[in-house]
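To start, the structure under review is shown below, and the notes come after it.
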Amino acid sequence: MKHGQFLKKLVSVLAVIALFLVMVPVGLADNGEADTDAAVTDALAQDGQSETEGTASKVDTYLSYYNVHADAARPGDVITLGVEQVTGSQKTEAALVAAPEREGETAVFLGNANLWTEWQFEVTTPGVYNMMVEYYPVKETSTGRDITLEVAVDGKTPFVEAATLTLPRLWKDDPEGLINNGTEFKKDQTNNDLRPGQIEIIEWQRNSFLDPLGMYQEPYFFYLEAGVHTVRFNSVREEMIVRTIELSAPAALPTYEEYASQFDSAKTTSGEVITLEAEIPFSKTSSTLYALSDHQDSGTTPNHPVNMLLNTIGGANWTSNGQEITWMVPQTVQEGWYTLAFRARQQENQGMISYRALKINGEIPFKEAYNLEFPYDTDWEVRTVGTTENPLKLYVKPGDTITLAATAGALCDVLRTIQQTVLDLNQIYREIIVITGTAPDIYQDYYLEDEIPGLKERFLEQQAILKEIADKIIAVTGETGSQTSTILKAADKIGIYATKSYEITANLSEFKSNIESLSSLLLTFGGQPLELDCLYFIPDGAKVPTGRATFFGSLSFEVRKFFGSFFNDYQDGTGGDETIVVWVTTGRDQLQVVNSLITNFTAETGIPVRLALVDTGDTLIQATMAGKGPDVALMVAASYAINLSMRGALVDLSKAPYNIKDTMAAKGTTIDESAWRQYIYRKGMTVADEGIYGIPETQTWPMLFYRTDILEELDLTPPDTWEDFYEMLRTLQGRNMNFGMTETSSALPGVSGSIDVFQSLLFQRGSNYYNDTLTKTLFDTPEAYDAFEQWAQFYSKYGVARSVDFYNRLRTGDVPIGISTYATYNQLMAAAPELRGLWKMAVTPGTVQEDGTIDRSVAAPSNGCMMLQAAEKRGVAENAYKFLTWWASAATQTEYGQQLEATMGVAARYAPASLEAFEQMGWTIEEKEVLLAQRQYINHVYSIPGDYMVSRSLTNAVRSALDGDTEPRRALSQYNRDINAEITRKRKEFGLPAAEN
Amino acid sequence: MKPAKTLSMRTQARRSYLSHYAMMSPFLLAFLTFTILPILAAILLSFTDFNMLQLPSFVGMDNYIRLLFEDDVYMIALKNTLILALVTGPIGYILSFVIAWLINELGYRLRVLFTFFMYTPALCGGAVTIWAYIFSSDSQGFLNDILLKLGIISDPISWLTNPQYNLVIVMIITIWGSFGTGFLSFVSGLQSLDRTYFEAAAIDGLRNRWQELYYVTFPQMKEFLLFGAVQSVSSAFSIAPTITGNPSTNYSTHTLVLHISDHAQIRYEMGYASAAAVVLFILMMAAWIGTKKLLSKVSA
């Protein structure tokens, strides 16, 4: 027993010693930071310096400008700038034009022919002035987007947002789409309402510059000292004719008493309540404010249990500050005092109130009309101006216009505070990651309170601000919601970080996600969605309608709806031998646009079209096999085109009687060779054996996206060549940042995310995937080895992050630059509001050639449309061809792209393959320049039988080089064998001549 | 008095057979059209070369020869499927039974709750995508983030695309989703056992729960065990993990079903895919017969 006890003691002592020995090295470990501390502190000092000048490096944001001048005087002077005050223009001959609709007057033209004009004036009373522009849109060049300008006062833009100030256009429903004297919509074959197109109203308008994010209730103002000043308008996008610019102080609104005293109070009204349907307004300021359908509530008028009627307007699209809808008071209204009420529903933003400003004849009548509240409710509510007990009556007469404008609402200062908080917190985050990196070691104490001066105070300040914001929101909306809990949660966390700085490093990613959720609040709060059914004019003595259907009314509605659904025939009524069947894979919203365009086609050519929304992938193949396929398929990936053409399912459009390339040229459609190539199938060994089996519709190519503010902070410019790229990468990585070039994406784990980079490198070395006869790959050439090695080494040797969610990381700023398809533009514009003005696109880095030029070749994939053999078999090939070429022509593609963007906003910006259509998309002049510069270098490989093996093998090769530690060249040559074996096998299968060895 | 007319034995028997068949006919029709006919079609197509857009052409045994002797990827798929089947099949099966057995001890409410939680992954197939987030290769992906913070790794790992890891991950995910109908049948089966046998065995001198499990529970559960085994075998062979990509890096999680879909949908080689499907069918039959023999020995 003694022996056993001794043994136990020995073991425990040894264990303690062993533990101690392990702990010592760990404890004494050199944290590696000591050497770089000096460098880091220097960098940080530099950072601190540039930051004290404000969040934007040289120019203030409107936020700081506003805070400085908000209390300045508002003089009563009105200064009008007309043609006489013009002192200079870019092209004086083009600047002065005859004013449309105004005999004998001249006005200033701003557009491509004359990019800027300057006015000069004198200010006697210093103070803040609003700019009201009287302008006339130019119809010929309009692409439907808001007119954008840059405004410079005395030679410089007073704040960052002044670089992109917008003026809206006026729209109305196309009268062609309305029947019954403009009171009803045209119906389709099944008696459902057809949504009419939106056409622009071209007339003189007066508008100020509003903040689109809804952070300021008033328009942008400009502070002017006494003296002589100049103001310059620079055209950024769209053209217009300017007659006058009025500088005046934002006026105070009259009280209700003042308003009421203007009219005869004895003009009482009597009779029934007059209902004005809201879905066909007189005008609207955006083409996205179109009629919608509420098929659920039987209280919505007009309604029908079976047919879909368009009976409401607005909805989720009526949400930005400044969007207005205007109605004309009908003739049935007597002149006099009415209570005005709206049947409306706000069911988009839970816990929030949507605000509207009421205007009569374009002016807000009194203060209380400025912020009409529409709180969240899933039911339709009738809201009166004023309260139901104490309504504020309005004096109206027939012919007056009534406008509801979305305004920033009572929470706009909350939004401003949130925006500033997000910027400040992001700044703190970037300062922290310089020291700790994005994945800090939680067992290490970075002494952040010492390294970053004032960290604790800054955190406490932000915490107080956030708590204040949350309180204010609860006070205004009267309820807590997910938004307020997000803010309070963030406030709590920041409070913890203030006192315990080691908590920051342990929870760095949580800190970042808190910032992200705060910034997405800008989107939720800034939106003022509202769906409107009708307006009520309630005379004296009449009761305010409840807006609800009776119980039995809604019961009978539902019952009829149920039975009606069995009988409603959704099939297209047209038939006959002439009809061509078209399949398209796209979303429901896009389908509406396609439908309306096709209606025009049928009207013009008399060819009936049966359109179906079907998957154009596997289903297309199976249906074609069964003989039930379409004649034409739209929006198909190029790879499907080749697979189908190999197996004889598509019509060769290059041969007579089609001659597609000539036809497209005749239609004024310029499509790049790199797009055509993706639809070419070569039956033999030479170009003569080629056939074209599709027409490109879209084409995208990669661009360089970067954060202008961060790169400026780091004193970097977007890399021009790959050598510059490596240099920049070094600087970025020194700050624990990285470059966006995802290799592994979670969405598509089976295919490497940066194969397009490899393609680019291959093109830039003058090589390609396949040899001249398309019988085998060129991956055994030195160029291919070099390109592949460079590609793999981005990740293995140079530490580019293999997997980044580029969009999100660009927002937080730790991946401030990256290469991505230019469709990322859509995503950033639509869903990253806090980045407005802080990011840009540039051309991708290229390889310097022997003659000194830079080759920036990139791979540009495309989607297209094609004609199936079924069309020839059924004898409708000629009609199908007419349709195809009409659809793919630049004119139709332009219209499609513009309508898409008009309907769904900038998130739906289209990427057409034809150059003419591309130029008509809503790009600013600067963006278009840089996109076209990259377009010169677009390229793409051929599609050949067996090419699925290429992307697969390249993925396997690069991953075995990165994960499996195989040498890149060896990896490529190994997998190259697989590719060539498969290509040869496929060629045999299709009876194509084999490669000569 | 004359006796009432009675039908002959044979007519009576035929009449009752007829009514039995009539009642079975809806299911039989559906089974024939959607299960039997496709199998026959697959067997026929496996002897042809068919690219789905043009008519098939007869090639005899070519597809089988290529599949079994020339296709390296098929061997990888076979190996992966067997590994996955042998690991996840028995483990999933045993785990289903053990958990069902444990759940059986709980009261009604708790039993329902736990059954629901265990069955839901198999029910909502789409829930598998949650694993894509957990194993995301981004450095801010769930698992990567935790491991980086703990200091276990210093660079984010691409779990789903790295051949070293993704097979194990597929195993975990498959076991997680393997509490399907087999599991449910165990739970209900354990509920339906005759309590008198347990009392009798207790009186006769059972020593512990394991003996009770082996001598009393298993023999009574024979049909349920068999059913669970069928489910297990068929799901083990039809594992088709798409979370790692189709095809996965270096075919590291390539299985027989994925091989079939690769040739059918990506390569348009329907004849070859049918041949692979027929081979899979034969394999599953073999596994099923083996399992049945094993189980009858166990619960005899």
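Identifiers for the structure tokens are assigned positionally: chains receive A, B, ... in sequence, residues are indexed from 1 per chain, and ligands are indexed from 1 in the order shown.
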Residues of chain A within 8 Å of chain B, counting only C-alpha atoms, as a ChimeraX atom specification: /A:439-442,506,509,618,621-622,624-625,644,647-649,744-746,748-751,802-805,946,948,952,955-956,959,963
Spatial neighbours of B:Ala77, 6 Å, only C-alpha atoms, chain gap at least 6 places, as a VMD selection string: chain B and resid 254 to 256
Mind writing the picked residues with N, CA and C atoms as a PDB file, in the first residue's frame?
```pdb
ATOM      1  N   HIS B 254     -18.194  12.012 -54.229  1.00  0.00           N
ATOM      2  CA  HIS B 254     -18.992  11.531 -55.346  1.00  0.00           C
ATOM      3  C   HIS B 254     -19.602  10.183 -54.995  1.00  0.00           C
ATOM      4  N   THR B 255     -20.916  10.043 -55.143  1.00  0.00           N
ATOM      5  CA  THR B 255     -21.546   8.761 -54.834  1.00  0.00           C
ATOM      6  C   THR B 255     -22.211   8.224 -56.095  1.00  0.00           C
ATOM      7  N   LEU B 256     -22.766   7.031 -55.986  1.00  0.00           N
ATOM      8  CA  LEU B 256     -23.349   6.387 -57.159  1.00  0.00           C
ATOM      9  C   LEU B 256     -24.472   7.225 -57.746  1.00  0.00           C
TER      10      LEU B 256
END
```
Those in stretch 172-270 of chain B with alpha helix (DSSP H) from DSSP, as a ChimeraX atom specification: /B:172-176,181-191,195-204,209-211,218-220,222-237,256-261,270
Spatial neighbours of stretch 212-214 of chain B, max dist 10 Å, only C-alpha atoms, sep filter under 3 positions, as a list in words: Trp101, Tyr197, Phe198, Ala201, Ala202, Leu206, Arg207, Asn208, Arg209, Thr217, Phe218, Pro219, Val298 and Ser299 of chain B
